[in-house]
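Shown below: model37.pdb, with PDB, C-alpha atoms.
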```
ATOM      1  CA  MET A   1      -4.083   9.147 -21.121
ATOM      2  CA  THR A   2      -1.032   6.970 -20.541
ATOM      3  CA  THR A   3       2.465   6.788 -21.883
ATOM      4  CA  THR A   4       4.315   3.587 -22.668
ATOM      5  CA  GLU A   5       7.920   3.000 -21.704
ATOM      6  CA  PRO A   6       9.487  -0.417 -22.303
ATOM      7  CA  ARG A   7      11.926  -0.373 -19.421
ATOM      8  CA  ASN A   8      13.267   1.817 -16.616
ATOM      9  CA  THR A   9      16.748   1.926 -15.145
ATOM     10  CA  THR A  10      18.240   3.671 -12.153
ATOM     11  CA  SER A  11      20.301   5.852 -14.501
ATOM     12  CA  GLN A  12      17.292   8.021 -15.384
ATOM     13  CA  PRO A  13      17.522  11.665 -14.294
ATOM     14  CA  ALA A  14      15.646  12.813 -11.220
ATOM     15  CA  ALA A  15      12.173  14.243 -11.743
ATOM     16  CA  ALA A  16      12.445  16.898  -9.062
ATOM     17  CA  THR A  17       9.184  18.666  -9.887
ATOM     18  CA  THR A  18       7.056  15.539 -10.306
ATOM     19  CA  THR A  19       4.478  15.015  -7.567
ATOM     20  CA  SER A  20       1.485  12.768  -7.068
ATOM     21  CA  ARG A  21      -0.566  15.463  -8.819
ATOM     22  CA  THR A  22       1.562  15.462 -11.965
ATOM     23  CA  ALA A  23       3.370  12.104 -12.262
ATOM     24  CA  PRO A  24       2.431  10.568 -15.617
ATOM     25  CA  THR A  25       0.775   7.166 -15.691
ATOM     26  CA  ARG A  26       2.999   4.772 -17.609
ATOM     27  CA  ILE A  27       2.242   1.312 -18.961
ATOM     28  CA  ILE A  28       4.634  -1.618 -19.083
ATOM     29  CA  ASP A  29       3.959  -5.050 -20.573
ATOM     30  CA  VAL A  30       4.381  -7.809 -17.989
ATOM     31  CA  GLY A  31       4.090 -11.210 -19.628
ATOM     32  CA  GLY A  32       1.496  -9.930 -22.083
ATOM     33  CA  THR A  33      -0.513  -7.939 -19.510
ATOM     34  CA  PRO A  34      -0.346  -4.129 -19.321
ATOM     35  CA  PHE A  35       0.525  -2.810 -15.847
ATOM     36  CA  ALA A  36      -0.083   0.855 -14.976
ATOM     37  CA  TYR A  37       2.400   2.641 -12.721
ATOM     38  CA  ARG A  38       3.789   6.020 -11.653
ATOM     39  CA  GLU A  39       7.284   6.998 -10.573
ATOM     40  CA  LEU A  40       8.291   9.878  -8.323
ATOM     41  CA  GLY A  41      11.462  11.142  -6.712
ATOM     42  CA  PRO A  42      15.143  10.870  -7.622
ATOM     43  CA  ARG A  43      15.998   7.910  -9.862
ATOM     44  CA  THR A  44      18.881   6.825  -7.657
ATOM     45  CA  GLY A  45      19.354   4.157  -5.029
ATOM     46  CA  VAL A  46      17.041   1.268  -4.233
ATOM     47  CA  PRO A  47      13.449   2.090  -5.267
ATOM     48  CA  LEU A  48      10.578   1.846  -2.790
ATOM     49  CA  VAL A  49       7.623  -0.026  -4.294
ATOM     50  CA  PHE A  50       4.193   0.785  -2.851
ATOM     51  CA  LEU A  51       1.667  -2.069  -2.488
ATOM     52  CA  HIS A  52      -1.885  -0.880  -1.960
ATOM     53  CA  HIS A  53      -5.033  -1.688   0.035
ATOM     54  CA  PHE A  54      -8.388  -3.284  -0.741
ATOM     55  CA  THR A  55     -10.225  -1.407  -3.562
ATOM     56  CA  ALA A  56      -7.386   1.102  -4.057
ATOM     57  CA  VAL A  57      -5.976   2.421  -7.325
ATOM     58  CA  LEU A  58      -3.050   4.758  -7.989
ATOM     59  CA  ASP A  59      -4.979   7.864  -6.944
ATOM     60  CA  ASP A  60      -5.660   6.440  -3.475
ATOM     61  CA  TRP A  61      -2.167   6.902  -2.060
ATOM     62  CA  ASP A  62      -2.127   9.792   0.394
ATOM     63  CA  PRO A  63      -0.215  12.610  -1.357
ATOM     64  CA  ARG A  64       1.448  13.643   1.905
ATOM     65  CA  VAL A  65       2.891  10.138   2.305
ATOM     66  CA  ILE A  66       3.934   9.422  -1.279
ATOM     67  CA  ASP A  67       5.241  12.945  -1.967
ATOM     68  CA  GLY A  68       6.952  13.153   1.401
ATOM     69  CA  ILE A  69       8.862   9.923   0.841
ATOM     70  CA  ALA A  70       9.541  10.793  -2.814
ATOM     71  CA  SER A  71      11.229  14.013  -1.709
ATOM     72  CA  LYS A  72      14.223  11.830  -0.830
ATOM     73  CA  ARG A  73      13.595   8.386  -2.323
ATOM     74  CA  HIS A  74      12.751   6.828  -5.676
ATOM     75  CA  VAL A  75       9.101   5.735  -5.334
ATOM     76  CA  ILE A  76       7.143   3.427  -7.628
ATOM     77  CA  ALA A  77       3.384   2.930  -7.225
ATOM     78  CA  PHE A  78       1.479   0.547  -9.489
ATOM     79  CA  ASP A  79      -1.858  -1.122 -10.138
ATOM     80  CA  ASN A  80      -1.443  -4.866  -9.734
ATOM     81  CA  ARG A  81      -3.163  -7.269 -12.128
ATOM     82  CA  GLY A  82      -6.826  -6.414 -12.674
ATOM     83  CA  VAL A  83      -6.674  -3.213 -10.630
ATOM     84  CA  GLY A  84      -7.366   0.254 -12.052
ATOM     85  CA  ALA A  85      -5.793   0.723 -15.474
ATOM     86  CA  SER A  86      -3.853  -2.564 -15.389
ATOM     87  CA  GLY A  87      -5.095  -5.462 -17.476
ATOM     88  CA  GLY A  88      -6.183  -8.950 -16.488
ATOM     89  CA  SER A  89      -8.270 -10.117 -13.540
ATOM     90  CA  VAL A  90      -7.489  -9.922  -9.825
ATOM     91  CA  PRO A  91      -6.546 -13.338  -8.345
ATOM     92  CA  HIS A  92      -8.570 -14.787  -5.471
ATOM     93  CA  THR A  93      -5.566 -15.379  -3.206
ATOM     94  CA  ILE A  94      -2.571 -13.323  -2.135
ATOM     95  CA  ASP A  95       0.204 -15.604  -3.446
ATOM     96  CA  PRO A  96      -0.484 -14.882  -7.150
ATOM     97  CA  MET A  97      -0.810 -11.173  -6.320
ATOM     98  CA  ALA A  98       2.718 -11.367  -4.922
ATOM     99  CA  ALA A  99       3.943 -13.264  -7.994
ATOM    100  CA  ASP A 100       2.458 -10.562 -10.250
ATOM    101  CA  ALA A 101       4.159  -7.830  -8.204
ATOM    102  CA  VAL A 102       7.504  -9.613  -8.530
ATOM    103  CA  ALA A 103       7.016  -9.972 -12.286
ATOM    104  CA  PHE A 104       6.249  -6.239 -12.510
ATOM    105  CA  ILE A 105       9.374  -5.300 -10.508
ATOM    106  CA  ARG A 106      11.568  -7.532 -12.649
ATOM    107  CA  ALA A 107       9.985  -6.189 -15.862
ATOM    108  CA  LEU A 108      11.146  -2.726 -14.779
ATOM    109  CA  GLY A 109      14.669  -4.138 -14.560
ATOM    110  CA  TYR A 110      15.239  -4.123 -10.790
ATOM    111  CA  ASP A 111      16.977  -6.886  -8.873
ATOM    112  CA  GLN A 112      16.494  -5.277  -5.443
ATOM    113  CA  VAL A 113      13.773  -3.064  -4.004
ATOM    114  CA  ASP A 114      12.325  -1.849  -0.731
ATOM    115  CA  LEU A 115       8.625  -2.523  -0.127
ATOM    116  CA  LEU A 116       5.874  -0.492   1.535
ATOM    117  CA  GLY A 117       2.743  -2.596   1.929
ATOM    118  CA  PHE A 118      -0.445  -1.130   3.371
ATOM    119  CA  SER A 119      -3.286  -3.418   4.527
ATOM    120  CA  LEU A 120      -3.811  -6.025   1.767
ATOM    121  CA  GLY A 121      -0.542  -4.773   0.302
ATOM    122  CA  GLY A 122       1.167  -5.731   3.555
ATOM    123  CA  GLY A 123       0.108  -9.322   3.032
ATOM    124  CA  VAL A 124       1.489  -9.184  -0.501
ATOM    125  CA  ALA A 125       4.764  -7.714   0.806
ATOM    126  CA  GLN A 126       5.142 -10.536   3.327
ATOM    127  CA  VAL A 127       4.794 -13.193   0.615
ATOM    128  CA  ILE A 128       7.258 -11.419  -1.678
ATOM    129  CA  THR A 129       9.802 -11.193   1.138
ATOM    130  CA  LEU A 130       9.399 -14.848   2.083
ATOM    131  CA  GLU A 131       9.399 -16.200  -1.472
ATOM    132  CA  HIS A 132      11.995 -13.847  -2.992
ATOM    133  CA  PRO A 133      14.276 -12.703  -0.163
ATOM    134  CA  GLU A 134      17.039 -11.773  -2.611
ATOM    135  CA  LEU A 135      14.749  -9.146  -4.158
ATOM    136  CA  VAL A 136      13.909  -7.310  -0.929
ATOM    137  CA  ARG A 137      16.213  -5.037   1.080
ATOM    138  CA  ARG A 138      13.848  -3.441   3.648
ATOM    139  CA  VAL A 139      10.106  -3.636   4.327
ATOM    140  CA  ILE A 140       7.465  -1.292   5.766
ATOM    141  CA  LEU A 141       4.226  -3.021   6.808
ATOM    142  CA  ALA A 142       1.362  -0.658   7.693
ATOM    143  CA  GLY A 143      -2.155  -1.511   8.864
ATOM    144  CA  THR A 144      -1.605  -5.206   8.308
ATOM    145  CA  GLY A 145      -1.174  -8.471  10.143
ATOM    146  CA  PRO A 146       0.127 -12.017   9.689
ATOM    147  CA  ARG A 147      -1.520 -14.729   7.635
ATOM    148  CA  GLY A 148      -3.850 -16.848   9.766
ATOM    149  CA  GLY A 149      -4.073 -14.114  12.372
ATOM    150  CA  GLY A 150      -7.769 -14.631  12.966
ATOM    151  CA  GLY A 151     -10.478 -12.019  12.706
ATOM    152  CA  ILE A 152      -9.252 -10.873   9.311
ATOM    153  CA  GLU A 153     -11.809 -13.183   7.704
ATOM    154  CA  LYS A 154     -14.535 -10.946   9.181
ATOM    155  CA  MET A 155     -13.439  -8.061   6.987
ATOM    156  CA  PRO A 156     -16.237  -8.570   4.402
ATOM    157  CA  LEU A 157     -18.812  -7.943   7.149
ATOM    158  CA  ILE A 158     -16.878  -4.950   8.466
ATOM    159  CA  ALA A 159     -16.646  -3.509   4.957
ATOM    160  CA  ALA A 160     -20.359  -4.075   4.298
ATOM    161  CA  ASN A 161     -21.282  -2.213   7.481
ATOM    162  CA  ALA A 162     -19.010   0.690   6.544
ATOM    163  CA  TYR A 163     -20.445   0.872   3.029
ATOM    164  CA  THR A 164     -23.965   0.978   4.462
ATOM    165  CA  ARG A 165     -23.069   3.813   6.850
ATOM    166  CA  ALA A 166     -21.315   5.613   4.011
ATOM    167  CA  ALA A 167     -24.395   5.401   1.790
ATOM    168  CA  LEU A 168     -26.630   6.738   4.567
ATOM    169  CA  THR A 169     -24.324   9.693   5.262
ATOM    170  CA  LEU A 170     -23.116  10.352   1.689
ATOM    171  CA  ARG A 171     -19.496   9.771   2.735
ATOM    172  CA  ASP A 172     -16.658   7.613   1.499
ATOM    173  CA  PRO A 173     -16.497   4.270   3.399
ATOM    174  CA  ARG A 174     -12.945   5.061   4.450
ATOM    175  CA  HIS A 175     -14.344   7.619   6.896
ATOM    176  CA  PHE A 176     -15.526   4.592   8.889
ATOM    177  CA  LEU A 177     -12.892   2.010   7.962
ATOM    178  CA  PHE A 178      -9.688   4.034   8.315
ATOM    179  CA  PHE A 179     -10.353   6.535  11.110
ATOM    180  CA  ASN A 180     -11.798   6.675  14.625
ATOM    181  CA  ARG A 181     -15.191   8.330  15.010
ATOM    182  CA  SER A 182     -13.765  10.691  17.625
ATOM    183  CA  ALA A 183     -13.490  14.423  16.867
ATOM    184  CA  THR A 184      -9.804  13.917  16.058
ATOM    185  CA  GLY A 185     -10.517  10.962  13.811
ATOM    186  CA  LYS A 186     -13.300  12.729  11.960
ATOM    187  CA  ARG A 187     -11.034  15.712  11.224
ATOM    188  CA  ALA A 188      -8.281  13.372  10.048
ATOM    189  CA  ALA A 189     -10.727  11.562   7.756
ATOM    190  CA  THR A 190     -11.986  14.802   6.222
ATOM    191  CA  ASP A 191      -8.431  16.050   5.624
ATOM    192  CA  TYR A 192      -7.336  12.711   4.130
ATOM    193  CA  MET A 193     -10.277  12.519   1.727
ATOM    194  CA  ALA A 194      -9.618  16.095   0.595
ATOM    195  CA  ARG A 195      -5.987  15.232  -0.139
ATOM    196  CA  LEU A 196      -7.020  12.305  -2.331
ATOM    197  CA  LYS A 197      -8.802  14.748  -4.641
ATOM    198  CA  GLU A 198      -5.742  16.930  -5.231
ATOM    199  CA  ARG A 199      -4.879  15.182  -8.492
ATOM    200  CA  THR A 200      -7.423  16.362 -11.045
ATOM    201  CA  ALA A 201      -5.910  15.346 -14.402
ATOM    202  CA  GLU A 202      -5.381  11.868 -15.846
ATOM    203  CA  ARG A 203      -6.849  10.075 -12.876
ATOM    204  CA  ASP A 204      -6.777   6.291 -12.707
ATOM    205  CA  LYS A 205      -9.670   4.002 -13.623
ATOM    206  CA  ARG A 206     -11.914   3.085 -10.708
ATOM    207  CA  ILE A 207     -11.717  -0.365  -9.169
ATOM    208  CA  SER A 208     -13.987  -2.932 -10.839
ATOM    209  CA  MET A 209     -16.536  -5.147  -9.100
ATOM    210  CA  GLN A 210     -14.517  -8.225 -10.101
ATOM    211  CA  ALA A 211     -11.481  -6.757  -8.375
ATOM    212  CA  ARG A 212     -13.424  -5.905  -5.200
ATOM    213  CA  LEU A 213     -14.893  -9.390  -4.854
ATOM    214  CA  ALA A 214     -11.626 -11.164  -5.649
ATOM    215  CA  GLN A 215      -9.734  -9.060  -3.103
ATOM    216  CA  LEU A 216     -12.332  -9.840  -0.431
ATOM    217  CA  LYS A 217     -11.913 -13.558  -1.139
ATOM    218  CA  ALA A 218      -8.133 -13.192  -0.908
ATOM    219  CA  ILE A 219      -8.366 -11.370   2.421
ATOM    220  CA  ARG A 220     -10.719 -13.975   3.874
ATOM    221  CA  GLU A 221      -8.496 -16.828   2.667
ATOM    222  CA  ALA A 222      -5.479 -15.168   4.284
ATOM    223  CA  GLY A 223      -7.319 -14.726   7.572
ATOM    224  CA  LEU A 224      -8.191 -18.419   7.678
ATOM    225  CA  GLY A 225      -4.935 -19.711   6.183
ATOM    226  CA  THR A 226      -1.991 -21.523   7.705
ATOM    227  CA  PRO A 227       0.366 -18.958   9.290
ATOM    228  CA  HIS A 228       3.674 -18.205   7.623
ATOM    229  CA  ASP A 229       6.946 -18.819   9.415
ATOM    230  CA  LEU A 230       7.826 -15.150   9.778
ATOM    231  CA  SER A 231      11.097 -15.993  11.537
ATOM    232  CA  LYS A 232      12.459 -16.588   8.021
ATOM    233  CA  ILE A 233      12.246 -12.856   7.303
ATOM    234  CA  THR A 234      15.703 -11.526   8.111
ATOM    235  CA  GLN A 235      15.390  -8.099   6.473
ATOM    236  CA  PRO A 236      14.788  -5.021   8.638
ATOM    237  CA  VAL A 237      11.037  -4.442   8.935
ATOM    238  CA  PHE A 238       9.117  -1.375  10.137
ATOM    239  CA  VAL A 239       5.583  -2.240  11.328
ATOM    240  CA  ALA A 240       3.094   0.594  11.911
ATOM    241  CA  ASN A 241      -0.589   0.924  12.728
ATOM    242  CA  GLY A 242      -3.122   2.942  14.687
ATOM    243  CA  ASP A 243      -4.131   1.821  18.169
ATOM    244  CA  ASN A 244      -7.765   1.119  17.202
ATOM    245  CA  ASP A 245      -7.767  -0.590  13.802
ATOM    246  CA  VAL A 246     -11.253  -1.987  13.051
ATOM    247  CA  MET A 247     -10.121  -3.745   9.859
ATOM    248  CA  VAL A 248      -6.936  -5.477  11.020
ATOM    249  CA  ALA A 249      -6.816  -5.547  14.807
ATOM    250  CA  SER A 250      -3.901  -3.516  16.129
ATOM    251  CA  SER A 251      -2.863  -6.563  18.147
ATOM    252  CA  HIS A 252      -2.168  -8.335  14.840
ATOM    253  CA  SER A 253       0.400  -5.675  13.951
ATOM    254  CA  ALA A 254       2.059  -6.173  17.344
ATOM    255  CA  ASP A 255       2.058  -9.950  16.779
ATOM    256  CA  LEU A 256       3.527  -9.427  13.310
ATOM    257  CA  ALA A 257       6.406  -7.381  14.687
ATOM    258  CA  ALA A 258       7.031  -9.876  17.499
ATOM    259  CA  ARG A 259       7.331 -12.772  15.044
ATOM    260  CA  ILE A 260       9.809 -11.061  12.685
ATOM    261  CA  PRO A 261      13.342 -11.137  14.138
ATOM    262  CA  ASN A 262      14.517  -7.712  12.938
ATOM    263  CA  ALA A 263      11.318  -5.672  13.266
ATOM    264  CA  LYS A 264      10.421  -2.381  14.943
ATOM    265  CA  LEU A 265       6.853  -1.453  15.865
ATOM    266  CA  THR A 266       5.137   1.940  16.021
ATOM    267  CA  ILE A 267       1.527   2.298  17.159
ATOM    268  CA  TYR A 268       0.003   5.744  16.684
ATOM    269  CA  PRO A 269      -2.466   6.903  19.374
ATOM    270  CA  ASP A 270      -6.134   7.780  18.832
ATOM    271  CA  SER A 271      -6.085   6.433  15.283
ATOM    272  CA  GLY A 272      -7.263   3.480  13.249
ATOM    273  CA  HIS A 273      -6.429   1.553  10.093
ATOM    274  CA  GLY A 274      -5.309   4.767   8.407
ATOM    275  CA  GLY A 275      -3.035   5.763  11.265
ATOM    276  CA  VAL A 276      -0.046   6.246   8.974
ATOM    277  CA  PHE A 277      -2.086   8.770   6.969
ATOM    278  CA  GLN A 278      -3.449  10.543  10.035
ATOM    279  CA  TYR A 279       0.124  10.752  11.391
ATOM    280  CA  HIS A 280       1.840  11.400   8.068
ATOM    281  CA  ARG A 281       3.996  14.124   9.655
ATOM    282  CA  GLU A 282       5.509  11.473  11.934
ATOM    283  CA  PHE A 283       5.326   8.476   9.606
ATOM    284  CA  VAL A 284       7.159   9.964   6.614
ATOM    285  CA  PRO A 285      10.324  10.993   8.533
ATOM    286  CA  ALA A 286      10.294   7.616  10.293
ATOM    287  CA  VAL A 287      10.168   5.802   6.934
ATOM    288  CA  LEU A 288      12.971   7.928   5.480
ATOM    289  CA  GLU A 289      15.156   7.340   8.536
ATOM    290  CA  PHE A 290      14.422   3.592   8.397
ATOM    291  CA  LEU A 291      15.325   3.356   4.708
ATOM    292  CA  GLU A 292      18.551   5.346   5.114
ATOM    293  CA  ARG A 293      20.047   3.068   7.759
ATOM    294  CA  SER A 294      23.082   1.129   6.622
TER     295      SER A 294
END
```
Let's see the structure in the file written out as structure tokens.
Amino acid sequence: MTTTEPRNTTSQPAAATTTSRTAPTRIIDVGGTPFAYRELGPRTGVPLVFLHHFTAVLDDWDPRVIDGIASKRHVIAFDNRGVGASGGSVPHTIDPMAADAVAFIRALGYDQVDLLGFSLGGGVAQVITLEHPELVRRVILAGTGPRGGGGIEKMPLIAANAYTRAALTLRDPRHFLFFNRSATGKRAATDYMARLKERTAERDKRISMQARLAQLKAIREAGLGTPHDLSKITQPVFVANGDNDVMVASSHSADLAARIPNAKLTIYPDSGHGGVFQYHREFVPAVLEFLERS
């Protein structure tokens, strides 16, 4: 069940008791296409827009991350075109994904936002920041790397291997894609997957096969594409990853931070692609401190 609201403004009252378990799914028309989204936290200040990973829908944000940040900040999470409960079809490249995200943000009535992009969402965030610098105040890039970084085009093979192992062990593929197979990583994976099940009512639609395949094509194209000139990004940027990311090599995150003039880098030990979820107790305060800087 969804509710429709034509437009949001920063003058709305705070929803202090709303969490990732209870936030209603709203629908907004964006150029004739319905986009599904949820809002949490106080409706004041610059909102933080979450941009999600390959195959993810609204229910796949770690509650400890989204609720932790929403305790102090206005947070907006949404399904981009063709994902989850949003209409349309997923594009085959990242640039139109970024254009759709911008159209969604502007449809909500915002002329400035902060961005948190995880994995594929980090690639989308980079394009938004480069193409619409006036729209973006600060950026968090987690588990992601630069366009043309190399190795990213191998992700379809990495994903296929993880899905095979998941089928053989009756586990979610993210056990193998997001976390180390050490004792620490296995515990972190189990805890993370349990948290994703905390919302039991009005859950989002599952990702479609069209969306999965289109996202894989977009990721491969980005891995093989001409690199962006990241020196044009002048906004403050917080780059984070685990030290053993099998999806986007951790060295790509370090390269990303080195190529952006005003970037800081945090690499979490004994963790993988989902390092920011494994280290949510450290990541959330770091994000809040980063966003509060003048």
Which polymer residues have any atom within 10 Å of an atom of segment 183-197 of chain A, counting all atoms listed in the file, with same-chain residues fewer than 4 positions away left out, as an mmCIF file with C-alpha atoms, in the frame of the given file?
```cif
data_model
loop_
_atom_site.group_PDB
_atom_site.id
_atom_site.type_symbol
_atom_site.label_atom_id
_atom_site.label_comp_id
_atom_site.auth_asym_id
_atom_site.auth_seq_id
_atom_site.Cartn_x
_atom_site.Cartn_y
_atom_site.Cartn_z
ATOM 1 C CA SER A 20 1.485 12.768 -7.068
ATOM 2 C CA ARG A 21 -0.566 15.463 -8.819
ATOM 3 C CA ASP A 59 -4.979 7.864 -6.944
ATOM 4 C CA ASP A 60 -5.660 6.440 -3.475
ATOM 5 C CA TRP A 61 -2.167 6.902 -2.060
ATOM 6 C CA ASP A 62 -2.127 9.792 0.394
ATOM 7 C CA PRO A 63 -0.215 12.610 -1.357
ATOM 8 C CA ARG A 64 1.448 13.643 1.905
ATOM 9 C CA ARG A 171 -19.496 9.771 2.735
ATOM 10 C CA ASP A 172 -16.658 7.613 1.499
ATOM 11 C CA ARG A 174 -12.945 5.061 4.450
ATOM 12 C CA HIS A 175 -14.344 7.619 6.896
ATOM 13 C CA PHE A 176 -15.526 4.592 8.889
ATOM 14 C CA LEU A 177 -12.892 2.010 7.962
ATOM 15 C CA PHE A 178 -9.688 4.034 8.315
ATOM 16 C CA PHE A 179 -10.353 6.535 11.110
ATOM 17 C CA ARG A 203 -6.849 10.075 -12.876
ATOM 18 C CA ASP A 270 -6.134 7.780 18.832
ATOM 19 C CA SER A 271 -6.085 6.433 15.283
ATOM 20 C CA GLY A 272 -7.263 3.480 13.249
ATOM 21 C CA GLY A 274 -5.309 4.767 8.407
ATOM 22 C CA GLY A 275 -3.035 5.763 11.265
ATOM 23 C CA PHE A 277 -2.086 8.770 6.969
ATOM 24 C CA GLN A 278 -3.449 10.543 10.035
ATOM 25 C CA TYR A 279 0.124 10.752 11.391
#
```
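Considering all atoms listed in the file, the residue among A:Asn244, A:Val127, A:Ile140, A:Gly149 positioned nearest to Arg181 of chain A is A:Asn244.
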Dump as CSV the rows for residues of segment 225-286 of chain A within 12 Å of segment 36-54 of chain A: closest atom pair and distance in Å with one decimal, all atoms listed in the file counted, ordered by chain and rising residue number.
```
residue,atom,partner,partner_atom,distance
A:Met247,CA,A:Phe54,CA,10.8
A:Val248,CA,A:His53,CA,11.8
A:His273,CA,A:His53,CA,10.7
A:Gly274,CA,A:His53,CA,10.6
```
Set the distance at 12 Å and use all atoms listed in the file: which residues neighbour Leu216 of chain A once local chain neighbours fewer than 3 positions away are removed? I'd like the list as a list in words. His53, Phe54, Thr55, Val90, Pro91, His92, Thr93, Ile94, Leu120, Ile152, Glu153, Lys154, Met155, Pro156, Leu157, Ile158, Ala159, Ala160, Met209, Gln210, Ala211, Arg212, Leu213, Ile219, Arg220, Glu221, Ala222 and Gly223 of chain A
Write the residues of the preceding selection, restricted to C-alpha atoms, as a PDB file, in the coordinates of the input.
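Saved to out23.pdb:
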```pdb
ATOM      1  CA  HIS A  53      -5.033  -1.688   0.035  1.00  0.00           C
ATOM      2  CA  PHE A  54      -8.388  -3.284  -0.741  1.00  0.00           C
ATOM      3  CA  THR A  55     -10.225  -1.407  -3.562  1.00  0.00           C
ATOM      4  CA  VAL A  90      -7.489  -9.922  -9.825  1.00  0.00           C
ATOM      5  CA  PRO A  91      -6.546 -13.338  -8.345  1.00  0.00           C
ATOM      6  CA  HIS A  92      -8.570 -14.787  -5.471  1.00  0.00           C
ATOM      7  CA  THR A  93      -5.566 -15.379  -3.206  1.00  0.00           C
ATOM      8  CA  ILE A  94      -2.571 -13.323  -2.135  1.00  0.00           C
ATOM      9  CA  LEU A 120      -3.811  -6.025   1.767  1.00  0.00           C
ATOM     10  CA  ILE A 152      -9.252 -10.873   9.311  1.00  0.00           C
ATOM     11  CA  GLU A 153     -11.809 -13.183   7.704  1.00  0.00           C
ATOM     12  CA  LYS A 154     -14.535 -10.946   9.181  1.00  0.00           C
ATOM     13  CA  MET A 155     -13.439  -8.061   6.987  1.00  0.00           C
ATOM     14  CA  PRO A 156     -16.237  -8.570   4.402  1.00  0.00           C
ATOM     15  CA  LEU A 157     -18.812  -7.943   7.149  1.00  0.00           C
ATOM     16  CA  ILE A 158     -16.878  -4.950   8.466  1.00  0.00           C
ATOM     17  CA  ALA A 159     -16.646  -3.509   4.957  1.00  0.00           C
ATOM     18  CA  ALA A 160     -20.359  -4.075   4.298  1.00  0.00           C
ATOM     19  CA  MET A 209     -16.536  -5.147  -9.100  1.00  0.00           C
ATOM     20  CA  GLN A 210     -14.517  -8.225 -10.101  1.00  0.00           C
ATOM     21  CA  ALA A 211     -11.481  -6.757  -8.375  1.00  0.00           C
ATOM     22  CA  ARG A 212     -13.424  -5.905  -5.200  1.00  0.00           C
ATOM     23  CA  LEU A 213     -14.893  -9.390  -4.854  1.00  0.00           C
ATOM     24  CA  ILE A 219      -8.366 -11.370   2.421  1.00  0.00           C
ATOM     25  CA  ARG A 220     -10.719 -13.975   3.874  1.00  0.00           C
ATOM     26  CA  GLU A 221      -8.496 -16.828   2.667  1.00  0.00           C
ATOM     27  CA  ALA A 222      -5.479 -15.168   4.284  1.00  0.00           C
ATOM     28  CA  GLY A 223      -7.319 -14.726   7.572  1.00  0.00           C
TER      29      GLY A 223
END
```
With distances taken over all atoms listed in the file, which residue among A:Glu292, A:Asn180, A:Val287, A:Asn241 lies nearest Val65 of chain A? A:Val287
Distance atom CA of Gln235 of chain A-atom CA of Ser86 of chain A, one decimal place?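 Result for atom CA of Gln235 of chain A versus atom CA of Ser86 of chain A: 29.6 Å, one decimal.
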Could you expand the PyMOL selection byres ((chain A and resi 115) around 10) into the explicit residues it covers here, written as JSON, numbers by chain? {"A": [47, 48, 49, 50, 51, 75, 76, 112, 113, 114, 116, 117, 118, 121, 122, 124, 125, 126, 128, 129, 135, 136, 137, 138, 139, 140, 141, 237]}
To one decimal place in Å, what is the distance between atom CA of Arg259 of chain A and atom CA of Leu230 of chain A?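 Atom CA of Arg259 of chain A sits 5.8 Å away from atom CA of Leu230 of chain A.
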Best match for closeness to Asp229 of chain A among A:Ile66, A:Ala258, A:Leu130, A:Leu288, counting all atoms listed in the file: A:Leu130
